[in-house]
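Enquirer: Next up, structure-v8.txt (compact mmCIF, C-alpha atoms).
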```txt
# COMPACT_ATOMS: atom_id res chain seq x y z
CA MET A 1 58.26 -21.49 37.46
CA MET A 2 56.17 -18.38 37.10
CA GLN A 3 52.46 -19.10 36.89
CA THR A 4 50.41 -17.34 34.25
CA THR A 5 46.76 -16.54 34.74
CA ASN A 6 44.06 -15.08 32.58
CA ARG A 7 44.25 -11.39 33.41
CA ILE A 8 41.41 -10.19 31.19
CA ALA A 9 38.91 -7.87 32.89
CA LYS A 10 35.73 -9.56 34.08
CA ARG A 11 33.53 -7.49 31.79
CA TRP A 12 35.37 -9.02 28.78
CA SER A 13 35.76 -12.54 30.13
CA ALA A 14 32.64 -13.91 28.42
CA THR A 15 33.83 -12.71 25.01
CA GLN A 16 35.30 -15.56 23.00
CA LYS A 17 37.27 -15.72 19.77
CA SER A 18 35.07 -14.52 16.94
CA ILE A 19 33.28 -17.15 14.85
CA PHE A 20 34.26 -15.02 11.86
CA SER A 21 37.93 -15.66 12.58
CA GLU A 22 37.30 -19.38 13.04
CA MET A 23 35.32 -19.75 9.82
CA THR A 24 37.83 -17.67 7.83
CA ALA A 25 40.68 -19.87 9.07
CA LEU A 26 38.70 -22.99 8.17
CA SER A 27 37.92 -21.50 4.77
CA LYS A 28 41.63 -20.97 4.08
CA LEU A 29 42.47 -24.48 5.29
CA TYR A 30 40.06 -26.08 2.79
CA ASN A 31 40.58 -23.46 0.06
CA ALA A 32 36.85 -22.73 0.26
CA VAL A 33 34.83 -19.87 -1.19
CA ASN A 34 34.11 -17.47 1.66
CA LEU A 35 30.50 -16.30 1.73
CA GLY A 36 30.72 -15.93 5.50
CA GLN A 37 32.13 -12.49 6.14
CA GLY A 38 30.32 -9.51 4.66
CA PHE A 39 33.04 -7.95 2.55
CA PRO A 40 33.04 -7.56 -1.25
CA ASP A 41 35.70 -9.51 -3.15
CA PHE A 42 35.70 -6.81 -5.82
CA TYR A 43 36.69 -3.15 -5.89
CA GLY A 44 34.26 -0.40 -5.14
CA PRO A 45 34.45 2.80 -7.20
CA THR A 46 38.00 3.56 -8.33
CA ARG A 47 37.07 7.23 -8.41
CA LEU A 48 37.04 7.16 -4.60
CA LEU A 49 40.46 5.50 -4.46
CA ASP A 50 41.84 8.12 -6.85
CA SER A 51 40.42 10.89 -4.70
CA ILE A 52 41.84 9.43 -1.48
CA ALA A 53 45.24 8.91 -3.16
CA LYS A 54 45.27 12.54 -4.22
CA GLN A 55 44.45 13.65 -0.68
CA VAL A 56 47.25 11.49 0.78
CA LEU A 57 49.74 13.58 -1.23
CA SER A 58 48.08 16.97 -0.79
CA CYS A 59 46.10 17.27 2.47
CA HIS A 60 47.52 18.31 5.84
CA ASN A 61 47.99 14.68 7.00
CA GLN A 62 47.88 15.68 10.66
CA TYR A 63 45.17 15.15 13.26
CA SER A 64 41.74 15.94 11.94
CA PRO A 65 39.32 17.85 14.13
CA SER A 66 37.99 15.26 16.55
CA GLN A 67 34.44 15.70 15.26
CA GLY A 68 35.63 15.16 11.68
CA GLU A 69 36.73 17.19 8.69
CA GLU A 70 34.27 20.01 8.01
CA ALA A 71 34.01 19.17 4.30
CA LEU A 72 32.81 15.62 5.01
CA ARG A 73 30.41 16.72 7.74
CA ARG A 74 28.84 19.13 5.26
CA GLU A 75 28.44 16.38 2.65
CA VAL A 76 26.97 13.99 5.21
CA SER A 77 24.45 16.64 6.23
CA TYR A 78 23.41 17.16 2.61
CA TYR A 79 23.22 13.42 1.95
CA VAL A 80 21.10 12.65 5.02
CA GLU A 81 18.76 15.53 4.21
CA SER A 82 18.40 14.31 0.60
CA THR A 83 17.51 10.75 1.69
CA THR A 84 15.48 11.39 4.86
CA GLY A 85 14.39 15.02 4.79
CA VAL A 86 16.01 15.54 8.21
CA ILE A 87 18.54 18.36 8.57
CA TYR A 88 21.52 17.85 10.88
CA ASP A 89 23.85 20.74 11.71
CA PRO A 90 27.35 19.76 10.49
CA GLU A 91 28.95 21.68 13.34
CA SER A 92 27.02 20.37 16.34
CA GLU A 93 25.10 17.25 15.24
CA ILE A 94 27.41 15.17 13.02
CA THR A 95 30.52 13.26 14.12
CA ILE A 96 32.87 11.36 11.80
CA THR A 97 34.00 8.08 13.37
CA THR A 98 36.54 5.35 12.68
CA GLY A 99 33.94 3.09 11.16
CA ALA A 100 30.36 2.41 12.22
CA SER A 101 31.76 0.00 14.83
CA GLU A 102 33.47 2.85 16.65
CA ALA A 103 30.29 4.92 16.38
CA LEU A 104 28.34 2.11 18.04
CA TYR A 105 30.97 1.59 20.72
CA SER A 106 31.23 5.30 21.52
CA ALA A 107 27.49 5.84 21.62
CA ILE A 108 26.75 2.79 23.77
CA ASN A 109 29.44 3.79 26.24
CA ALA A 110 28.24 7.40 26.21
CA PHE A 111 24.73 6.53 27.31
CA ILE A 112 24.85 3.33 29.38
CA ASN A 113 25.48 3.14 33.12
CA PRO A 114 26.13 -0.13 34.98
CA GLY A 115 22.88 -2.04 35.33
CA ASP A 116 21.00 -0.13 32.59
CA ARG A 117 18.74 -2.29 30.43
CA VAL A 118 19.40 -2.29 26.69
CA ILE A 119 16.90 -3.78 24.23
CA VAL A 120 18.49 -5.66 21.33
CA PHE A 121 16.64 -7.46 18.53
CA GLU A 122 18.14 -10.90 18.02
CA PRO A 123 19.85 -12.24 16.01
CA ALA A 124 22.16 -9.24 16.25
CA PHE A 125 25.62 -7.96 15.33
CA ASP A 126 28.03 -9.33 17.97
CA LEU A 127 29.66 -5.96 18.68
CA TYR A 128 26.44 -4.78 20.36
CA TYR A 129 26.86 -7.32 23.15
CA GLN A 130 30.55 -6.57 23.62
CA ALA A 131 30.05 -2.81 23.87
CA ILE A 132 27.11 -3.20 26.25
CA ALA A 133 29.17 -5.52 28.47
CA ASN A 134 32.02 -3.01 28.55
CA ALA A 135 29.59 -0.30 29.69
CA GLY A 136 28.13 -2.60 32.36
CA GLY A 137 24.68 -2.69 30.77
CA GLU A 138 22.21 -5.56 30.76
CA VAL A 139 21.15 -6.94 27.38
CA VAL A 140 17.39 -7.43 27.06
CA PRO A 141 17.05 -9.63 23.96
CA ILE A 142 13.91 -9.49 21.84
CA ARG A 143 13.81 -12.40 19.45
CA LEU A 144 13.02 -12.14 15.77
CA HIS A 145 11.38 -15.54 15.39
CA SER A 146 12.69 -17.41 12.37
CA PRO A 147 10.48 -18.06 9.33
CA ASP A 148 10.12 -21.78 10.16
CA THR A 149 8.52 -21.13 13.57
CA PRO A 150 4.76 -20.60 14.09
CA ILE A 151 5.28 -16.88 14.77
CA GLY A 152 7.58 -16.55 11.78
CA VAL A 153 5.12 -18.38 9.53
CA ARG A 154 2.31 -16.04 10.59
CA GLY A 155 4.54 -13.00 10.10
CA GLY A 156 5.92 -14.15 6.76
CA GLY A 157 9.57 -14.01 7.82
CA TRP A 158 11.73 -13.02 10.77
CA THR A 159 9.04 -11.73 13.13
CA ILE A 160 8.70 -9.99 16.51
CA ASP A 161 6.37 -11.53 19.08
CA TRP A 162 4.79 -8.31 20.32
CA SER A 163 3.77 -9.84 23.64
CA GLU A 164 7.46 -10.53 24.30
CA PHE A 165 8.41 -7.01 23.28
CA ASP A 166 5.71 -5.40 25.42
CA ALA A 167 6.72 -7.48 28.46
CA ALA A 168 10.37 -6.52 28.07
CA ALA A 169 9.53 -2.85 27.57
CA ALA A 170 7.34 -2.88 30.67
CA GLY A 171 10.46 -3.66 32.70
CA GLY A 172 11.95 -0.38 31.51
CA PHE A 173 14.98 0.28 29.35
CA SER A 174 17.48 3.10 28.85
CA LEU A 175 18.63 2.30 25.33
CA LEU A 176 17.29 0.43 22.32
CA ILE A 177 19.54 -0.69 19.48
CA PHE A 178 17.69 -0.84 16.19
CA ASN A 179 19.13 -2.20 12.95
CA SER A 180 17.24 -1.94 9.68
CA PRO A 181 17.97 -3.21 7.08
CA HIS A 182 18.87 -5.98 9.48
CA ASN A 183 22.05 -8.04 9.75
CA PRO A 184 21.99 -11.06 9.62
CA THR A 185 18.38 -11.68 8.53
CA GLY A 186 17.97 -9.19 5.66
CA LYS A 187 14.72 -7.94 7.24
CA VAL A 188 13.53 -4.39 6.53
CA PHE A 189 11.26 -3.25 9.36
CA SER A 190 7.83 -2.01 8.31
CA GLU A 191 6.19 1.29 9.13
CA ASP A 192 3.82 -0.43 11.56
CA GLU A 193 6.66 -2.22 13.36
CA ILE A 194 8.64 1.00 13.64
CA ASP A 195 5.61 2.85 15.04
CA ARG A 196 5.07 0.22 17.74
CA ILE A 197 8.72 0.27 18.71
CA SER A 198 8.81 4.08 18.71
CA SER A 199 5.85 4.29 21.08
CA LYS A 200 7.67 2.22 23.70
CA VAL A 201 10.85 4.25 23.21
CA LEU A 202 8.93 7.46 23.85
CA LYS A 203 7.14 6.02 26.88
CA ASN A 204 10.48 5.06 28.44
CA ASN A 205 12.26 8.22 27.27
CA ALA A 206 14.97 5.86 26.03
CA ILE A 207 17.71 6.67 23.56
CA VAL A 208 17.74 4.81 20.24
CA LEU A 209 20.90 3.81 18.39
CA SER A 210 19.69 3.37 14.84
CA ASP A 211 22.24 1.24 12.99
CA GLU A 212 21.55 2.09 9.34
CA VAL A 213 24.74 0.96 7.65
CA TYR A 214 22.77 -0.90 4.95
CA GLU A 215 20.44 2.06 4.32
CA ASN A 216 21.08 2.06 0.56
CA LEU A 217 20.50 -1.66 0.05
CA THR A 218 16.78 -2.41 -0.04
CA TYR A 219 15.10 -4.36 -2.80
CA ALA A 220 11.83 -4.54 -4.74
CA SER A 221 9.04 -2.65 -2.97
CA HIS A 222 10.80 -2.52 0.41
CA LYS A 223 11.80 0.95 1.56
CA HIS A 224 14.19 1.89 4.31
CA ILE A 225 12.60 4.05 7.01
CA SER A 226 15.10 5.90 9.16
CA LEU A 227 14.06 6.30 12.78
CA CYS A 228 15.27 9.89 12.63
CA THR A 229 12.22 10.63 10.47
CA ILE A 230 9.74 9.63 13.22
CA PRO A 231 8.72 12.98 14.76
CA LYS A 232 7.77 11.68 18.21
CA ILE A 233 11.24 10.19 18.89
CA GLN A 234 13.47 12.31 16.66
CA HIS A 235 15.02 13.95 19.72
CA LEU A 236 16.03 10.53 21.05
CA VAL A 237 17.65 9.03 17.94
CA ALA A 238 21.35 8.68 17.14
CA ARG A 239 21.69 7.52 13.52
CA ILE A 240 24.77 5.55 12.41
CA SER A 241 26.04 5.09 8.84
CA SER A 242 29.09 3.52 7.19
CA ALA A 243 31.16 4.76 4.26
CA ALA A 244 32.73 1.30 4.13
CA LYS A 245 29.36 -0.34 3.43
CA THR A 246 28.17 2.48 1.19
CA PHE A 247 31.21 2.38 -1.08
CA GLY A 248 32.14 -1.30 -0.79
CA PHE A 249 35.58 -0.79 0.77
CA THR A 250 35.49 -2.25 4.29
CA GLY A 251 39.07 -1.09 4.83
CA LEU A 252 37.96 2.55 4.82
CA LYS A 253 36.86 2.21 8.45
CA THR A 254 35.02 5.52 8.26
CA GLY A 255 31.49 6.15 9.44
CA TRP A 256 29.37 8.89 10.94
CA ILE A 257 26.77 9.38 13.60
CA CYS A 258 24.04 12.02 13.39
CA ALA A 259 22.19 13.04 16.53
CA PRO A 260 20.70 16.07 18.28
CA ALA A 261 23.35 18.33 19.81
CA ASN A 262 22.83 17.17 23.41
CA LEU A 263 23.36 13.52 22.39
CA THR A 264 26.24 14.42 20.07
CA ASN A 265 28.06 16.16 22.94
CA ALA A 266 28.04 12.93 24.96
CA ILE A 267 29.11 10.79 22.00
CA ARG A 268 32.00 13.11 21.17
CA ILE A 269 33.39 12.82 24.72
CA VAL A 270 33.75 9.03 24.34
CA HIS A 271 34.88 9.36 20.72
CA GLN A 272 37.74 11.69 21.63
CA ALA A 273 38.82 9.35 24.43
CA THR A 274 38.69 6.29 22.17
CA VAL A 275 40.27 7.21 18.82
CA PHE A 276 40.17 11.02 18.95
CA CYS A 277 39.92 11.34 15.17
CA THR A 278 39.88 9.54 11.83
CA SER A 279 42.42 9.83 9.00
CA PRO A 280 42.05 13.14 7.16
CA PHE A 281 42.85 11.86 3.66
CA THR A 282 40.04 9.27 3.81
CA GLN A 283 37.55 11.87 5.00
CA LEU A 284 38.52 14.43 2.40
CA GLY A 285 38.50 11.83 -0.38
CA LEU A 286 34.98 10.82 0.63
CA ALA A 287 33.86 14.45 0.77
CA ASP A 288 35.19 15.01 -2.74
CA VAL A 289 33.23 12.17 -4.38
CA MET A 290 30.08 12.84 -2.35
CA SER A 291 30.14 16.46 -3.48
CA ASP A 292 29.50 15.30 -7.04
CA LYS A 293 25.80 14.76 -6.43
CA LYS A 294 24.98 13.33 -9.85
CA TRP A 295 27.83 10.83 -9.73
CA PHE A 296 27.00 9.77 -6.15
CA GLU A 297 23.30 9.28 -6.89
CA ASN A 298 24.09 7.23 -10.01
CA TYR A 299 26.63 5.12 -8.12
CA LEU A 300 24.11 4.24 -5.37
CA SER A 301 21.46 3.36 -7.95
CA GLU A 302 23.79 1.05 -9.87
CA GLN A 303 25.07 -0.56 -6.67
CA LYS A 304 21.54 -1.45 -5.60
CA LYS A 305 20.68 -2.92 -9.03
CA SER A 306 23.87 -4.98 -9.04
CA TYR A 307 23.29 -6.37 -5.56
CA GLU A 308 19.68 -7.24 -6.30
CA ILE A 309 20.80 -9.34 -9.28
CA LYS A 310 23.37 -11.10 -7.07
CA ARG A 311 20.75 -11.73 -4.39
CA ASN A 312 18.32 -13.26 -6.88
CA TYR A 313 21.01 -15.48 -8.37
CA LEU A 314 22.25 -16.83 -5.04
CA LYS A 315 18.71 -17.35 -3.77
CA SER A 316 17.95 -19.45 -6.87
CA VAL A 317 21.12 -21.50 -6.39
CA LEU A 318 20.43 -22.17 -2.72
CA GLU A 319 16.86 -23.24 -3.36
CA ARG A 320 17.97 -25.60 -6.14
CA ALA A 321 20.51 -27.03 -3.70
CA GLY A 322 17.75 -27.90 -1.23
CA TYR A 323 17.73 -24.92 1.13
CA HIS A 324 14.71 -22.88 2.15
CA THR A 325 15.69 -19.20 2.04
CA SER A 326 14.10 -16.34 3.92
CA SER A 327 13.05 -13.18 2.14
CA CYS A 328 16.07 -10.89 1.83
CA GLU A 329 14.47 -7.44 1.78
CA GLY A 330 17.73 -5.55 2.32
CA THR A 331 21.49 -5.80 3.16
CA PHE A 332 23.74 -8.22 1.24
CA PHE A 333 22.94 -11.27 3.35
CA LEU A 334 20.69 -14.26 2.73
CA THR A 335 19.70 -16.61 5.55
CA ALA A 336 19.00 -20.21 4.55
CA ASN A 337 17.40 -23.13 6.38
CA PHE A 338 19.34 -26.41 5.99
CA GLU A 339 17.00 -28.70 7.94
CA GLY A 340 15.95 -30.55 4.78
CA LEU A 341 19.61 -31.29 4.05
CA ALA A 342 20.99 -32.13 7.50
CA GLY A 343 18.08 -32.84 9.86
CA ASP A 344 18.61 -31.68 13.44
CA MET A 345 22.34 -30.96 13.11
CA SER A 346 23.43 -27.78 14.90
CA ASP A 347 24.10 -24.77 12.72
CA VAL A 348 27.70 -24.48 13.93
CA LEU A 349 28.44 -28.11 13.07
CA TYR A 350 26.66 -27.77 9.73
CA ALA A 351 28.65 -24.64 8.81
CA ARG A 352 31.91 -26.44 9.60
CA GLN A 353 30.82 -29.50 7.64
CA LEU A 354 29.81 -27.41 4.62
CA VAL A 355 33.34 -26.01 4.39
CA GLU A 356 34.85 -29.49 4.57
CA THR A 357 32.47 -31.22 2.15
CA HIS A 358 31.53 -28.50 -0.36
CA ARG A 359 34.22 -25.85 0.22
CA VAL A 360 31.65 -23.10 0.85
CA THR A 361 31.97 -20.93 3.95
CA THR A 362 28.95 -19.47 5.79
CA ILE A 363 28.22 -18.13 9.26
CA PRO A 364 25.93 -20.05 11.65
CA VAL A 365 23.10 -17.77 12.78
CA SER A 366 23.21 -18.94 16.42
CA VAL A 367 26.35 -16.86 17.02
CA PHE A 368 24.23 -13.72 16.70
CA TYR A 369 22.31 -14.52 19.92
CA LYS A 370 23.02 -14.11 23.61
CA GLN A 371 21.21 -17.43 24.13
CA PRO A 372 20.14 -19.01 20.84
CA PRO A 373 17.00 -21.11 20.45
CA LYS A 374 17.47 -24.86 20.94
CA SER A 375 16.66 -25.47 17.30
CA LEU A 376 18.03 -23.00 14.77
CA PRO A 377 18.85 -24.68 11.43
CA TRP A 378 19.93 -21.46 9.73
CA VAL A 379 23.17 -20.16 8.20
CA ARG A 380 24.01 -16.78 6.66
CA PHE A 381 25.41 -16.33 3.16
CA ALA A 382 26.92 -13.03 1.93
CA PHE A 383 26.26 -12.25 -1.73
CA CYS A 384 28.45 -9.13 -2.01
CA LYS A 385 30.76 -11.08 -4.29
CA LYS A 386 31.90 -11.14 -7.90
CA ASP A 387 29.62 -12.96 -10.34
CA GLU A 388 32.43 -15.49 -10.91
CA THR A 389 32.54 -16.19 -7.16
CA LEU A 390 28.81 -16.84 -7.01
CA HIS A 391 29.03 -19.07 -10.10
CA THR A 392 31.76 -21.07 -8.37
CA VAL A 393 29.51 -21.47 -5.32
CA ALA A 394 26.72 -22.70 -7.59
CA ASP A 395 29.04 -25.35 -9.02
CA LEU A 396 30.24 -26.43 -5.58
CA LEU A 397 26.73 -26.72 -4.13
CA LEU A 398 24.99 -28.25 -7.14
CA ASN A 399 27.68 -30.45 -8.64
CA SER A 400 29.91 -31.65 -5.82
```
What does this structure look like when you write it as structure tokens?
Expert:
Amino acid sequence: MMQTTNRIAKRWSATQKSIFSEMTALSKLYNAVNLGQGFPDFYGPTRLLDSIAKQVLSCHNQYSPSQGEEALRREVSYYVESTTGVIYDPESEITITTGASEALYSAINAFINPGDRVIVFEPAFDLYYQAIANAGGEVVPIRLHSPDTPIGVRGGGWTIDWSEFDAAAAGGFSLLIFNSPHNPTGKVFSEDEIDRISSKVLKNNAIVLSDEVYENLTYASHKHISLCTIPKIQHLVARISSAAKTFGFTGLKTGWICAPANLTNAIRIVHQATVFCTSPFTQLGLADVMSDKKWFENYLSEQKKSYEIKRNYLKSVLERAGYHTSSCEGTFFLTANFEGLAGDMSDVLYARQLVETHRVTTIPVSVFYKQPPKSLPWVRFAFCKKDETLHTVADLLLNS
């Protein structure tokens, strides 16, 4: 009998089945309401769908230029300038990618050599670790201490211990991955925090991947500061955005990365070897709606207002149900502490139990760490859902 062995490459061997897949399967099994994965359960703007549909029937429908359709690169340049004041050349400094995930993967693999140290703020998006492992890099995790820890209490939320950051930076690093507004915590980094991080980046002459896919979703007095606006490191920053997040259609799988020409050249080499290009009809449909500046500005304003109302509603429900929630300053995620409801139960076990007992699906926060803290009684809820969905969750948590 022929023996079968696990033939996966060593650099991928530590990667396990995604917790998102596990929780989604469990959610379907128990017919639960899925607030785990960050995708809207409602349509984004139908105007965009109409525009894409029109392009499907009228555009060239062949390979796009690898760097992206010129019309969309022009609109991205205008949009970034209007929101940050920074001008990127559409020809040499903007690349359209197959989602922000591909932008991250291409950029990490463009800049990391085996053994290079990469600073990541934890908890963090799991793709960071996978792409770094594929490039042979070494993850240097910097913990955002949770709001229930002494450091988090002093900082008023998910907080960096600057002595830990300084010690890690002193060991040198080639790349720093920065995500604000931050998934999964909802943290929006302050001007002071960004300045301290930027100083270490400059000292190490390190490249920064600035993951800004939630750039439009900040609430109350919190303002998003793009690292590309920091003069002392502007030449070191590659800035990543997502049309899928911006327009609420995760299936678009279209993003872009803006960076100085020398960095863009390296990113485009990996991009062309990975996917080569992104569908032309999606790009041209996006360019069309983004070219209507008044409509686009109004859409973003209404989206933010809508999400802020959803955030406030879910936060109120969770607190009435006995959770302690952290301050969600941006994104469409709320993190909630369940210690008062389940004692010292692990977050993974609690998330599974919540699906079984209350039919509500979340994501345990420990999965966003390379090595999670011993005690981490936190789960993540996504509030990018219809009002009816959130009302159902309220009923399940408060009345069942």
Enquirer: Would you work out the distance separating CA of Val213 (chain A) from CA of Asn337 (chain A), expressed in Å to one decimal?
Expert: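 A separation of 25.2 Å between them.
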Enquirer: Measure the distance from CA of Trp256 (chain A) to CA of Ala103 (chain A) in Å and round it to one decimal.
Expert: 6.8 Å
Enquirer: Expressed in Å to a single decimal, how great is the separation between CA of Leu227 (chain A) and CA of Gly136 (chain A)?
Expert: 25.7 Å
Enquirer: Quick one: residues within 12 Å of Glu138 (chain A), all atoms listed in the file counted, chain neighbours fewer than 5 positions away excluded, as a list in words?
Expert: Arg11, Ile108, Ile112, Asn113, Pro114, Gly115, Asp116, Arg117, Val118, Ile119, Val120, Tyr128, Tyr129, Gln130, Ala131, Ile132, Ala133, Gly172, Phe173, Ser174, Leu175, Leu176 and Lys370 of chain A
Enquirer: Near Ser301 (chain A), counting all atoms listed in the file, which residues have an atom at most 12 Å away, once you skip same-chain residues fewer than 3 positions from it, shown as JSON, numbers by chain?
Expert: {"A": [216, 217, 218, 219, 246, 247, 294, 295, 296, 297, 298, 304, 305, 306, 307, 308]}
